[in-house]
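What follows is structure09.txt (compact mmCIF, C-alpha atoms).
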# COMPACT_ATOMS: atom_id res chain seq x y z
CA MET A 1 -13.58 -4.21 30.45
CA GLU A 2 -10.93 -6.85 29.77
CA ILE A 3 -11.88 -10.33 30.83
CA SER A 4 -10.35 -13.78 30.40
CA ILE A 5 -12.21 -17.05 30.70
CA THR A 6 -10.77 -20.51 30.11
CA VAL A 7 -13.22 -22.18 27.72
CA ASN A 8 -12.73 -25.89 27.06
CA GLY A 9 -9.13 -25.55 28.18
CA GLN A 10 -8.28 -22.52 26.04
CA VAL A 11 -7.97 -19.02 27.49
CA VAL A 12 -10.29 -16.62 25.69
CA SER A 13 -9.69 -12.92 26.38
CA ALA A 14 -11.83 -10.06 25.16
CA ASP A 15 -12.73 -6.47 25.88
CA VAL A 16 -16.46 -6.59 26.54
CA GLU A 17 -19.15 -4.35 27.99
CA PRO A 18 -19.98 -5.30 31.60
CA ARG A 19 -23.53 -6.17 30.53
CA THR A 20 -22.30 -8.96 28.23
CA LEU A 21 -23.93 -12.25 29.23
CA LEU A 22 -21.76 -15.33 29.56
CA VAL A 23 -23.78 -17.01 26.78
CA GLN A 24 -22.91 -14.11 24.47
CA PHE A 25 -19.23 -14.37 25.40
CA ILE A 26 -19.30 -18.11 24.64
CA ARG A 27 -21.12 -17.73 21.33
CA ASP A 28 -19.70 -14.44 20.02
CA ASN A 29 -16.27 -14.05 21.62
CA ALA A 30 -15.27 -17.71 21.91
CA GLY A 31 -17.13 -18.56 18.69
CA LEU A 32 -18.75 -21.68 20.20
CA THR A 33 -22.35 -21.83 19.00
CA GLY A 34 -23.24 -25.24 20.41
CA THR A 35 -24.66 -23.46 23.47
CA ASN A 36 -28.12 -22.21 22.56
CA ILE A 37 -30.27 -19.35 23.77
CA GLY A 38 -33.81 -20.70 24.17
CA CYS A 39 -36.03 -18.65 26.46
CA ASP A 40 -33.51 -16.02 27.61
CA THR A 41 -35.49 -15.88 30.88
CA SER A 42 -33.65 -18.53 32.94
CA SER A 43 -36.29 -21.25 32.46
CA CYS A 44 -35.42 -23.57 29.56
CA GLY A 45 -31.78 -24.46 30.30
CA ALA A 46 -30.71 -24.64 26.64
CA CYS A 47 -27.86 -22.30 27.62
CA SER A 48 -26.56 -24.62 30.36
CA ILE A 49 -22.77 -25.00 30.55
CA HIS A 50 -20.33 -25.92 33.31
CA LEU A 51 -18.79 -22.98 35.20
CA ASP A 52 -16.03 -24.13 37.55
CA GLY A 53 -17.42 -27.66 37.33
CA GLU A 54 -21.13 -26.98 37.94
CA ALA A 55 -24.02 -26.63 35.51
CA VAL A 56 -25.26 -23.03 35.32
CA LYS A 57 -27.54 -21.10 32.97
CA SER A 58 -25.16 -18.94 30.98
CA CYS A 59 -27.93 -16.54 29.94
CA THR A 60 -28.26 -15.51 33.61
CA VAL A 61 -24.57 -15.06 34.40
CA LEU A 62 -22.59 -12.00 33.35
CA ALA A 63 -19.36 -12.81 31.55
CA ALA A 64 -17.68 -10.55 34.12
CA GLN A 65 -18.81 -12.89 36.91
CA ALA A 66 -16.96 -15.73 35.15
CA ASP A 67 -13.78 -13.70 34.62
CA GLY A 68 -10.81 -15.88 35.55
CA GLY A 69 -13.04 -18.93 35.74
CA SER A 70 -13.24 -22.15 33.78
CA VAL A 71 -16.09 -22.96 31.42
CA THR A 72 -16.87 -26.24 29.69
CA THR A 73 -19.34 -26.17 26.82
CA ILE A 74 -20.86 -29.01 24.78
CA GLU A 75 -17.94 -28.68 22.38
CA GLY A 76 -15.61 -29.61 25.22
CA MET A 77 -17.33 -32.84 26.17
CA ALA A 78 -15.86 -35.18 23.55
CA SER A 79 -12.21 -36.20 23.92
CA ALA A 80 -9.45 -34.73 21.79
CA ASP A 81 -9.58 -37.78 19.49
CA GLY A 82 -13.31 -37.24 18.89
CA THR A 83 -14.61 -39.99 21.17
CA LEU A 84 -17.97 -38.88 22.47
CA HIS A 85 -18.47 -38.34 26.19
CA PRO A 86 -20.52 -41.26 27.61
CA MET A 87 -23.49 -38.90 28.12
CA GLN A 88 -23.36 -37.80 24.46
CA GLN A 89 -23.09 -41.46 23.38
CA ALA A 90 -26.07 -42.35 25.57
CA PHE A 91 -28.24 -39.57 24.09
CA MET A 92 -27.40 -40.88 20.65
CA GLU A 93 -28.07 -44.54 21.48
CA HIS A 94 -31.30 -43.86 23.37
CA HIS A 95 -32.64 -41.33 20.85
CA GLY A 96 -32.72 -38.68 23.55
CA LEU A 97 -33.21 -35.84 21.06
CA GLN A 98 -35.31 -34.84 18.06
CA CYS A 99 -34.68 -31.27 16.96
CA GLY A 100 -31.57 -31.09 19.13
CA TYR A 101 -32.08 -27.54 20.41
CA CYS A 102 -32.31 -28.42 24.11
CA THR A 103 -29.70 -31.16 23.79
CA PRO A 104 -26.46 -29.35 24.57
CA GLY A 105 -28.03 -27.92 27.74
CA MET A 106 -29.53 -31.31 28.64
CA VAL A 107 -26.16 -33.06 28.26
CA MET A 108 -24.40 -30.43 30.38
CA ALA A 109 -27.10 -30.46 33.08
CA ALA A 110 -27.30 -34.27 33.14
CA THR A 111 -23.53 -34.63 33.39
CA SER A 112 -23.42 -32.18 36.29
CA LEU A 113 -26.32 -34.04 37.96
CA LEU A 114 -24.52 -37.38 37.77
CA ASN A 115 -21.26 -35.83 38.95
CA GLU A 116 -23.11 -34.86 42.14
CA ASN A 117 -25.26 -38.01 42.35
CA PRO A 118 -23.69 -40.84 40.30
CA SER A 119 -26.38 -43.36 41.19
CA ALA A 120 -29.40 -41.08 40.70
CA THR A 121 -32.75 -42.83 40.46
CA GLU A 122 -35.24 -42.13 37.69
CA GLU A 123 -37.16 -39.80 40.00
CA GLU A 124 -33.99 -37.95 40.98
CA ILE A 125 -33.12 -37.55 37.30
CA ARG A 126 -36.58 -36.17 36.44
CA ILE A 127 -36.40 -33.70 39.33
CA GLY A 128 -32.73 -32.99 38.70
CA LEU A 129 -33.44 -31.94 35.12
CA GLU A 130 -36.24 -29.55 36.15
CA GLY A 131 -34.14 -26.70 34.85
CA ASN A 132 -34.17 -28.05 31.27
CA LEU A 133 -37.22 -27.98 29.03
CA CYS A 134 -37.77 -30.06 25.88
CA ARG A 135 -40.66 -29.46 23.51
CA CYS A 136 -40.03 -32.48 21.29
CA THR A 137 -39.35 -35.67 23.17
CA GLY A 138 -41.64 -35.74 26.19
CA TYR A 139 -38.42 -36.42 28.19
CA HIS A 140 -38.81 -40.22 28.15
CA ASN A 141 -35.73 -41.04 26.08
CA ILE A 142 -33.73 -38.24 27.70
CA VAL A 143 -34.35 -39.88 31.08
CA GLN A 144 -33.48 -43.32 29.65
CA ALA A 145 -30.22 -41.91 28.27
CA VAL A 146 -29.26 -40.37 31.61
CA LEU A 147 -30.29 -43.52 33.51
CA SER A 148 -28.01 -45.58 31.29
CA CYS A 149 -25.08 -43.50 32.56
CA THR A 150 -25.79 -44.02 36.25
CA LYS A 151 -23.73 -46.30 38.43
CA SER A 152 -25.61 -48.99 40.29
CA MET B 1 -32.40 -9.65 26.06
CA ILE B 2 -29.71 -7.20 26.99
CA PRO B 3 -29.52 -5.25 30.25
CA ALA B 4 -29.13 -1.47 30.12
CA ALA B 5 -25.49 -0.44 30.36
CA PHE B 6 -23.89 -0.21 33.78
CA GLU B 7 -20.52 0.21 35.45
CA TYR B 8 -19.13 -2.95 37.06
CA VAL B 9 -16.91 -3.10 40.15
CA ARG B 10 -15.86 -6.11 42.18
CA ALA B 11 -15.57 -6.22 46.00
CA GLY B 12 -13.19 -8.59 47.76
CA SER B 13 -14.63 -8.23 51.25
CA ALA B 14 -17.78 -7.08 53.07
CA GLU B 15 -15.99 -3.88 54.15
CA GLU B 16 -15.00 -3.10 50.58
CA ALA B 17 -18.55 -3.80 49.42
CA ILE B 18 -20.01 -1.39 51.98
CA SER B 19 -17.50 1.31 51.15
CA LEU B 20 -18.29 0.90 47.43
CA ILE B 21 -22.03 1.15 47.93
CA ALA B 22 -21.60 4.20 50.16
CA GLN B 23 -19.61 5.75 47.30
CA HIS B 24 -22.17 5.03 44.59
CA GLY B 25 -25.36 5.49 46.61
CA ASP B 26 -28.83 4.74 45.27
CA GLU B 27 -27.60 4.05 41.78
CA ALA B 28 -25.72 0.92 42.84
CA LYS B 29 -26.94 -2.64 43.52
CA PHE B 30 -25.08 -5.60 44.95
CA LEU B 31 -24.67 -8.58 42.60
CA ALA B 32 -24.41 -11.88 44.48
CA GLY B 33 -25.60 -14.94 42.53
CA GLY B 34 -27.52 -12.69 40.17
CA HIS B 35 -30.45 -15.07 39.71
CA SER B 36 -33.04 -12.59 40.95
CA LEU B 37 -31.32 -9.43 39.71
CA VAL B 38 -29.97 -10.38 36.26
CA PRO B 39 -33.37 -11.63 34.97
CA LEU B 40 -34.91 -8.29 36.05
CA MET B 41 -32.08 -6.38 34.39
CA LYS B 42 -32.51 -8.35 31.17
CA LEU B 43 -36.17 -7.28 31.12
CA ARG B 44 -35.00 -3.75 32.06
CA LEU B 45 -37.30 -3.79 35.08
CA ALA B 46 -34.14 -2.97 37.06
CA GLN B 47 -31.56 -0.56 35.67
CA PRO B 48 -28.88 0.09 38.30
CA SER B 49 -26.08 2.23 36.92
CA VAL B 50 -23.46 0.43 39.02
CA LEU B 51 -23.21 -3.25 39.91
CA ILE B 52 -20.99 -4.19 42.85
CA ASP B 53 -20.12 -7.85 42.36
CA ILE B 54 -19.86 -9.47 45.81
CA GLY B 55 -19.89 -12.99 44.39
CA ARG B 56 -16.28 -13.58 45.41
CA VAL B 57 -16.55 -12.41 49.03
CA SER B 58 -15.82 -15.96 50.07
CA ASP B 59 -15.68 -15.28 53.80
CA LEU B 60 -19.43 -14.71 53.71
CA SER B 61 -20.04 -18.25 52.46
CA TYR B 62 -20.31 -20.56 55.46
CA VAL B 63 -22.64 -22.67 57.57
CA THR B 64 -21.69 -22.99 61.21
CA ASP B 65 -23.21 -24.50 64.33
CA ALA B 66 -23.43 -21.59 66.76
CA GLY B 67 -24.94 -23.41 69.75
CA ASP B 68 -28.64 -22.57 69.93
CA HIS B 69 -28.78 -21.52 66.30
CA ILE B 70 -27.03 -22.09 63.00
CA ALA B 71 -25.26 -19.19 61.31
CA ILE B 72 -25.32 -19.03 57.51
CA GLY B 73 -23.23 -16.51 55.61
CA ALA B 74 -25.33 -14.40 53.23
CA LEU B 75 -23.25 -15.46 50.23
CA THR B 76 -23.75 -19.19 50.79
CA ARG B 77 -25.10 -20.71 47.56
CA HIS B 78 -28.47 -22.45 47.71
CA ARG B 79 -26.77 -25.72 46.71
CA ASP B 80 -24.50 -25.49 49.77
CA VAL B 81 -27.40 -24.71 52.14
CA GLU B 82 -29.45 -27.56 50.64
CA THR B 83 -26.68 -30.12 51.14
CA SER B 84 -25.11 -28.83 54.37
CA PRO B 85 -25.05 -31.56 57.04
CA ILE B 86 -25.52 -28.84 59.69
CA VAL B 87 -28.65 -27.44 58.01
CA LEU B 88 -30.00 -30.92 57.30
CA GLU B 89 -29.63 -31.84 60.96
CA HIS B 90 -30.66 -28.62 62.71
CA ALA B 91 -32.98 -26.85 60.25
CA PRO B 92 -34.22 -29.51 57.82
CA LEU B 93 -37.20 -27.30 56.85
CA LEU B 94 -34.74 -24.74 55.48
CA ALA B 95 -32.71 -27.36 53.59
CA HIS B 96 -35.86 -28.78 52.04
CA ALA B 97 -37.37 -25.39 51.14
CA THR B 98 -34.02 -24.42 49.56
CA SER B 99 -34.19 -27.52 47.36
CA HIS B 100 -37.36 -26.02 45.88
CA VAL B 101 -35.71 -22.76 44.82
CA GLY B 102 -35.60 -22.66 41.02
CA ASP B 103 -33.69 -25.64 39.68
CA PRO B 104 -30.20 -27.16 40.12
CA GLN B 105 -28.50 -24.69 37.79
CA VAL B 106 -30.10 -21.75 39.62
CA ARG B 107 -29.12 -23.24 42.97
CA HIS B 108 -25.46 -23.45 41.88
CA ARG B 109 -25.38 -19.64 41.64
CA GLY B 110 -28.14 -18.10 43.76
CA THR B 111 -27.39 -17.24 47.38
CA ILE B 112 -29.53 -17.22 50.51
CA GLY B 113 -28.66 -13.58 51.24
CA GLY B 114 -29.46 -12.49 47.71
CA SER B 115 -32.82 -14.23 47.85
CA LEU B 116 -33.77 -12.70 51.22
CA ALA B 117 -32.55 -9.19 50.38
CA HIS B 118 -34.50 -9.30 47.11
CA ALA B 119 -37.62 -9.55 49.33
CA ASP B 120 -39.97 -11.19 46.86
CA PRO B 121 -42.97 -12.53 48.83
CA ALA B 122 -43.33 -15.27 46.20
CA SER B 123 -39.85 -16.64 46.93
CA ASP B 124 -39.52 -19.72 49.12
CA LEU B 125 -36.87 -18.55 51.57
CA PRO B 126 -38.32 -15.34 53.06
CA ALA B 127 -41.39 -17.23 54.34
CA THR B 128 -39.32 -20.23 55.45
CA THR B 129 -36.87 -18.15 57.50
CA LEU B 130 -39.84 -16.16 58.86
CA ALA B 131 -41.57 -19.37 60.03
CA LEU B 132 -38.31 -20.46 61.69
CA GLY B 133 -37.95 -17.17 63.59
CA ALA B 134 -34.65 -16.30 61.93
CA THR B 135 -32.64 -13.14 62.55
CA TYR B 136 -30.80 -11.36 59.77
CA VAL B 137 -27.47 -9.65 60.47
CA VAL B 138 -26.95 -6.47 58.49
CA GLN B 139 -23.75 -4.46 58.16
CA GLY B 140 -23.44 -0.79 57.23
CA PRO B 141 -20.96 2.05 57.56
CA GLY B 142 -22.38 2.72 61.04
CA GLY B 143 -21.90 -0.84 62.25
CA THR B 144 -23.94 -4.02 62.57
CA ARG B 145 -27.58 -4.57 63.47
CA GLU B 146 -29.68 -7.70 63.96
CA ILE B 147 -33.15 -7.68 62.45
CA PRO B 148 -35.79 -10.33 63.18
CA ALA B 149 -37.20 -11.75 59.94
CA GLY B 150 -40.65 -10.47 60.98
CA SER B 151 -39.36 -6.88 60.93
CA PHE B 152 -37.30 -7.12 57.76
CA TYR B 153 -39.91 -7.07 54.99
CA GLU B 154 -41.73 -3.81 54.24
CA GLY B 155 -43.43 -4.38 50.91
CA TYR B 156 -43.06 -5.93 47.48
CA LEU B 157 -39.32 -6.21 46.76
CA THR B 158 -38.70 -3.81 49.65
CA SER B 159 -36.88 -4.50 52.88
CA VAL B 160 -35.62 -2.29 55.70
CA LEU B 161 -32.07 -2.51 54.30
CA ALA B 162 -30.72 1.02 53.92
CA ALA B 163 -29.09 1.97 50.60
CA ASP B 164 -25.63 1.53 52.13
CA GLU B 165 -26.26 -1.69 54.07
CA MET B 166 -25.52 -5.30 53.29
CA LEU B 167 -27.05 -8.51 54.63
CA THR B 168 -24.13 -10.58 55.94
CA GLU B 169 -25.52 -13.46 58.00
CA ILE B 170 -28.73 -15.37 58.64
CA ARG B 171 -29.21 -16.91 62.11
CA VAL B 172 -31.72 -19.75 62.22
CA PRO B 173 -32.77 -21.19 65.60
CA LYS B 174 -32.23 -24.93 65.77
CA MET B 175 -35.41 -26.93 65.22
CA ASN B 176 -34.54 -29.49 67.92
CA GLY B 177 -36.36 -32.34 66.20
CA ALA B 178 -39.62 -30.48 65.49
CA GLY B 179 -41.80 -31.91 62.75
CA TRP B 180 -41.95 -29.81 59.58
CA SER B 181 -43.39 -29.50 56.11
CA PHE B 182 -42.96 -27.35 53.02
CA GLN B 183 -45.91 -27.20 50.65
CA LYS B 184 -45.40 -25.49 47.32
CA PHE B 185 -48.30 -25.34 44.89
CA ASN B 186 -47.51 -24.53 41.27
CA ARG B 187 -48.56 -25.66 37.79
CA ARG B 188 -45.12 -26.07 36.23
CA ALA B 189 -41.80 -27.39 37.43
CA GLN B 190 -39.38 -24.72 38.74
CA ASP B 191 -42.16 -22.13 38.83
CA TRP B 192 -42.67 -19.78 41.74
CA ALA B 193 -45.31 -20.94 44.22
CA ILE B 194 -48.84 -19.80 43.42
CA VAL B 195 -49.20 -20.26 47.18
CA GLY B 196 -46.72 -21.96 49.52
CA VAL B 197 -46.61 -22.88 53.19
CA ALA B 198 -43.57 -23.41 55.44
CA ALA B 199 -44.49 -25.03 58.75
CA TRP B 200 -42.97 -26.64 61.80
CA ARG B 201 -44.65 -28.16 64.84
CA ASN B 202 -43.44 -29.37 68.20
CA GLY B 203 -46.41 -30.44 70.30
CA SER B 204 -48.49 -27.33 71.00
CA GLU B 205 -45.93 -24.98 69.43
CA ALA B 206 -46.07 -24.31 65.72
CA GLY B 207 -44.73 -21.79 63.23
CA VAL B 208 -46.48 -21.34 59.90
CA ALA B 209 -45.62 -18.80 57.20
CA LEU B 210 -47.13 -18.23 53.77
CA VAL B 211 -45.52 -17.70 50.38
CA ASN B 212 -47.19 -15.36 47.86
CA MET B 213 -50.13 -14.41 50.07
CA ALA B 214 -49.34 -10.67 50.43
CA SER B 215 -46.72 -8.12 49.41
CA VAL B 216 -44.51 -9.59 52.14
CA PRO B 217 -44.11 -13.14 53.52
CA VAL B 218 -46.92 -13.71 56.03
CA LEU B 219 -46.57 -15.24 59.48
CA ALA B 220 -49.86 -17.07 60.09
CA THR B 221 -50.03 -16.20 63.79
CA SER B 222 -53.68 -17.26 64.09
CA VAL B 223 -52.74 -20.77 63.04
CA GLY B 224 -49.96 -20.87 65.62
CA ALA B 225 -52.32 -19.54 68.31
CA ALA B 226 -54.97 -22.13 67.40
CA ILE B 227 -52.46 -24.99 67.70
CA ALA B 228 -51.24 -23.60 71.03
CA SER B 229 -54.81 -23.53 72.37
CA GLY B 230 -55.34 -27.18 71.41
CA ALA B 231 -57.40 -26.72 68.24
CA SER B 232 -57.58 -29.53 65.71
CA ILE B 233 -55.45 -29.29 62.57
CA GLU B 234 -58.63 -28.71 60.56
CA ASP B 235 -59.71 -25.78 62.74
CA ALA B 236 -56.20 -24.31 62.90
CA ALA B 237 -55.81 -24.52 59.10
CA ALA B 238 -59.11 -22.69 58.63
CA GLU B 239 -57.32 -19.61 60.05
CA ALA B 240 -54.52 -19.77 57.48
CA ALA B 241 -55.49 -16.65 55.54
CA ALA B 242 -56.35 -14.53 58.61
CA GLU B 243 -53.22 -12.35 58.40
CA ALA B 244 -52.84 -12.55 54.64
CA ASP B 245 -53.68 -10.04 51.93
CA PRO B 246 -53.47 -12.08 48.74
CA GLN B 247 -53.51 -10.45 45.35
CA ALA B 248 -55.29 -11.71 42.25
CA ASP B 249 -53.09 -12.35 39.22
CA LEU B 250 -52.80 -14.53 36.13
CA ASN B 251 -52.46 -17.65 38.29
CA ALA B 252 -55.16 -17.26 40.94
CA SER B 253 -57.96 -15.11 42.24
CA VAL B 254 -57.98 -13.79 45.81
CA GLU B 255 -60.49 -16.49 46.82
CA TYR B 256 -58.48 -19.28 45.23
CA ARG B 257 -55.33 -18.12 47.03
CA GLN B 258 -57.19 -18.09 50.35
CA HIS B 259 -58.49 -21.60 49.62
CA LEU B 260 -54.99 -22.82 48.69
CA ALA B 261 -53.56 -21.33 51.87
CA ARG B 262 -56.09 -23.26 53.99
CA VAL B 263 -55.61 -26.55 52.13
CA LEU B 264 -51.81 -26.33 52.08
CA THR B 265 -51.68 -25.31 55.74
CA ARG B 266 -53.79 -28.33 56.67
CA ARG B 267 -51.48 -30.61 54.65
CA ALA B 268 -48.42 -28.98 56.16
CA LEU B 269 -49.69 -29.35 59.72
CA GLU B 270 -50.61 -33.00 59.07
CA GLU B 271 -47.14 -33.73 57.76
CA ALA B 272 -45.48 -31.75 60.56
CA SER B 273 -47.53 -33.58 63.18
CA ALA B 274 -46.86 -37.08 61.86

With the file now loaded, output its structure as structure tokens.
Amino acid sequence: MEISITVNGQVVSADVEPRTLLVQFIRDNAGLTGTNIGCDTSSCGACSIHLDGEAVKSCTVLAAQADGGSVTTIEGMASADGTLHPMQQAFMEHHGLQCGYCTPGMVMAATSLLNENPSATEEEIRIGLEGNLCRCTGYHNIVQAVLSCTKS
Amino acid sequence: MIPAAFEYVRAGSAEEAISLIAQHGDEAKFLAGGHSLVPLMKLRLAQPSVLIDIGRVSDLSYVTDAGDHIAIGALTRHRDVETSPIVLEHAPLLAHATSHVGDPQVRHRGTIGGSLAHADPASDLPATTLALGATYVVQGPGGTREIPAGSFYEGYLTSVLAADEMLTEIRVPKMNGAGWSFQKFNRRAQDWAIVGVAAWRNGSEAGVALVNMASVPVLATSVGAAIASGASIEDAAAEAAAEADPQADLNASVEYRQHLARVLTRRALEEASA
């Protein structure tokens, strides 16, 4: 089936099987490999992107469900001139990553969380990132990075 | 993992959805948020040959104050139920239980109707709506019927929904200021409950339902009866597993589940009575 999804502002059209997952469309059809497949069972959140403005797990959404919709991936977070999104900058400054595998999903989930709750507390951040697992950092610096982006 | 191949069609309205499922029969499944169905399809535990995407039937996404109850469209996303001022005011137990479903990303896509129709006794919402005495509105080619939550669940992942019927609305009686509590016991964040309890109490009236204590959500009627007859919370909670039929699995033995049900029911009643 023919589908078209706007990815980071660009329309990407492809003829895909209905069973194509959104994460496969992003990685294989749009060629954007910043979005990672971690668990493939909807737990780890490494595949998190924004669909129509909200963080979702792209391994659990069919590309067909996103047909006509708007997707933002980690590649779309920095500005056109290369300036990092404040959340990306914060992860860098607060050492909120080690291997980096969970990081794109963490940044997308954290950004969505703060869009909905700009002055989230530390507890709200820890609970709000329940859908994202990290095996390296123990979450401490991730939480510090996200906290640094909250409004008081 | 990749689902088995299927044909995909999209419905724009409830009527269109029902006509499509009548056309394709047993081989078709509705796709709402997809966060119960797609994981099963990726593991090939479910292999429908046709998916009818109802995710864009926007007139089934609503929360309205209908007088003595609140009416929630089946396609309302968990995030919208969780944050709805109407649900927060009139059925706070439901809003809170919904905030325990999965995680924020899951709640941006999953729907209340999809969760209830999936009929997993380990999910949070079947037991919660059962405790609240909800009624489910179901539409089919023959018309509409209203099914009390207590009559909806037949077995593991099985409800009384006919192959050509669709859940369209959930009616939840207003709680009118009753105390409430949702207890969810698990080992890991965003995990299903090993055992869970949804409870409300208003003086000598109480409604308590159990998550993951049988092949269907369980209404703990003995607990309710004990509270009505003036029993202490301790004595009422001791009856928690009376109607249950818990299974042993990787997470808990039968005895441990029964113990959890009693402990969590006691905690829930204490919180609901405070």

Chain A contacts on chain B, only C-alpha atoms, 9 Å, as a ChimeraX atom specification: /B:1-8,33-35,38-39,42-43,53,55-56,102-109,189-191

Now that the selection is made, can you save its residues with C-alpha atoms as an mmCIF file, in the frame of the given file?
data_model
loop_
_atom_site.group_PDB
_atom_site.id
_atom_site.type_symbol
_atom_site.label_atom_id
_atom_site.label_comp_id
_atom_site.auth_asym_id
_atom_site.auth_seq_id
_atom_site.Cartn_x
_atom_site.Cartn_y
_atom_site.Cartn_z
ATOM 1 C CA MET B 1 -32.400 -9.650 26.060
ATOM 2 C CA ILE B 2 -29.710 -7.200 26.990
ATOM 3 C CA PRO B 3 -29.520 -5.250 30.250
ATOM 4 C CA ALA B 4 -29.130 -1.470 30.120
ATOM 5 C CA ALA B 5 -25.490 -0.440 30.360
ATOM 6 C CA PHE B 6 -23.890 -0.210 33.780
ATOM 7 C CA GLU B 7 -20.520 0.210 35.450
ATOM 8 C CA TYR B 8 -19.130 -2.950 37.060
ATOM 9 C CA GLY B 33 -25.600 -14.940 42.530
ATOM 10 C CA GLY B 34 -27.520 -12.690 40.170
ATOM 11 C CA HIS B 35 -30.450 -15.070 39.710
ATOM 12 C CA VAL B 38 -29.970 -10.380 36.260
ATOM 13 C CA PRO B 39 -33.370 -11.630 34.970
ATOM 14 C CA LYS B 42 -32.510 -8.350 31.170
ATOM 15 C CA LEU B 43 -36.170 -7.280 31.120
ATOM 16 C CA ASP B 53 -20.120 -7.850 42.360
ATOM 17 C CA GLY B 55 -19.890 -12.990 44.390
ATOM 18 C CA ARG B 56 -16.280 -13.580 45.410
ATOM 19 C CA GLY B 102 -35.600 -22.660 41.020
ATOM 20 C CA ASP B 103 -33.690 -25.640 39.680
ATOM 21 C CA PRO B 104 -30.200 -27.160 40.120
ATOM 22 C CA GLN B 105 -28.500 -24.690 37.790
ATOM 23 C CA VAL B 106 -30.100 -21.750 39.620
ATOM 24 C CA ARG B 107 -29.120 -23.240 42.970
ATOM 25 C CA HIS B 108 -25.460 -23.450 41.880
ATOM 26 C CA ARG B 109 -25.380 -19.640 41.640
ATOM 27 C CA ALA B 189 -41.800 -27.390 37.430
ATOM 28 C CA GLN B 190 -39.380 -24.720 38.740
ATOM 29 C CA ASP B 191 -42.160 -22.130 38.830
#

I need the residue nearest His24 (chain B) from this list: B:Thr76, B:Gln183, B:Thr83, B:Ser49. Use only C-alpha atoms for the distance. B:Ser49

Which is closer to Ile37 (chain A) than all the others in A:Ala145, A:Thr111, A:Ile3, A:Pro104, using all atoms listed in the file?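 The closest residue to Ile37 (chain A) is A:Pro104.
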
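The gap separating CA of Gly224 (chain B) from CA of Leu269 (chain B) is 10.3 Å, in Å to one decimal.
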
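Take CA of Thr35 (chain A) and CA of Asn186 (chain B): the distance between them is 29.0 Å.
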
In Å, rounded to a single decimal, give me how far CA of Thr64 (chain B) is from CA of Asp124 (chain B).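 For CA of Asp124 (chain B) relative to CA of Thr64 (chain B), the distance reads 21.8 Å.
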
Write out as a VMD selection string the residues lying within 8 Å of Pro246 (chain B), counting all atoms listed in the file and excluding same-chain residues fewer than 3 positions away. chain B and resid 212 to 215 254 257 to 258

Between B:Val211, B:Ala228, B:Ala17, B:Ala238, single out the one closest to Trp192 (chain B), counting only C-alpha atoms.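 Between B:Val211, B:Ala228, B:Ala17, B:Ala238, the residue approaching Trp192 (chain B) most closely is B:Val211.
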
Top pick for closest residue to Leu97 (chain A), considering A:Cys136, A:Gly38, A:Ser4, A:Gln10 and counting only C-alpha atoms: A:Cys136

Have a look at B:Val172, B:Ala122, B:Leu210, B:Ala28 and name the one nearest to Ala95 (chain B); count all atoms listed in the file.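 With all atoms listed in the file as the atom set, the closest residue is B:Val172.
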
Residues within 8 Å of (-29.2, -36.0, 22.2), file coordinates, counting only C-alpha atoms: what are they? Give the list as an MDAnalysis selection string. chainID A and resid 88 90:92 95:98 100 103:104 106:107 142
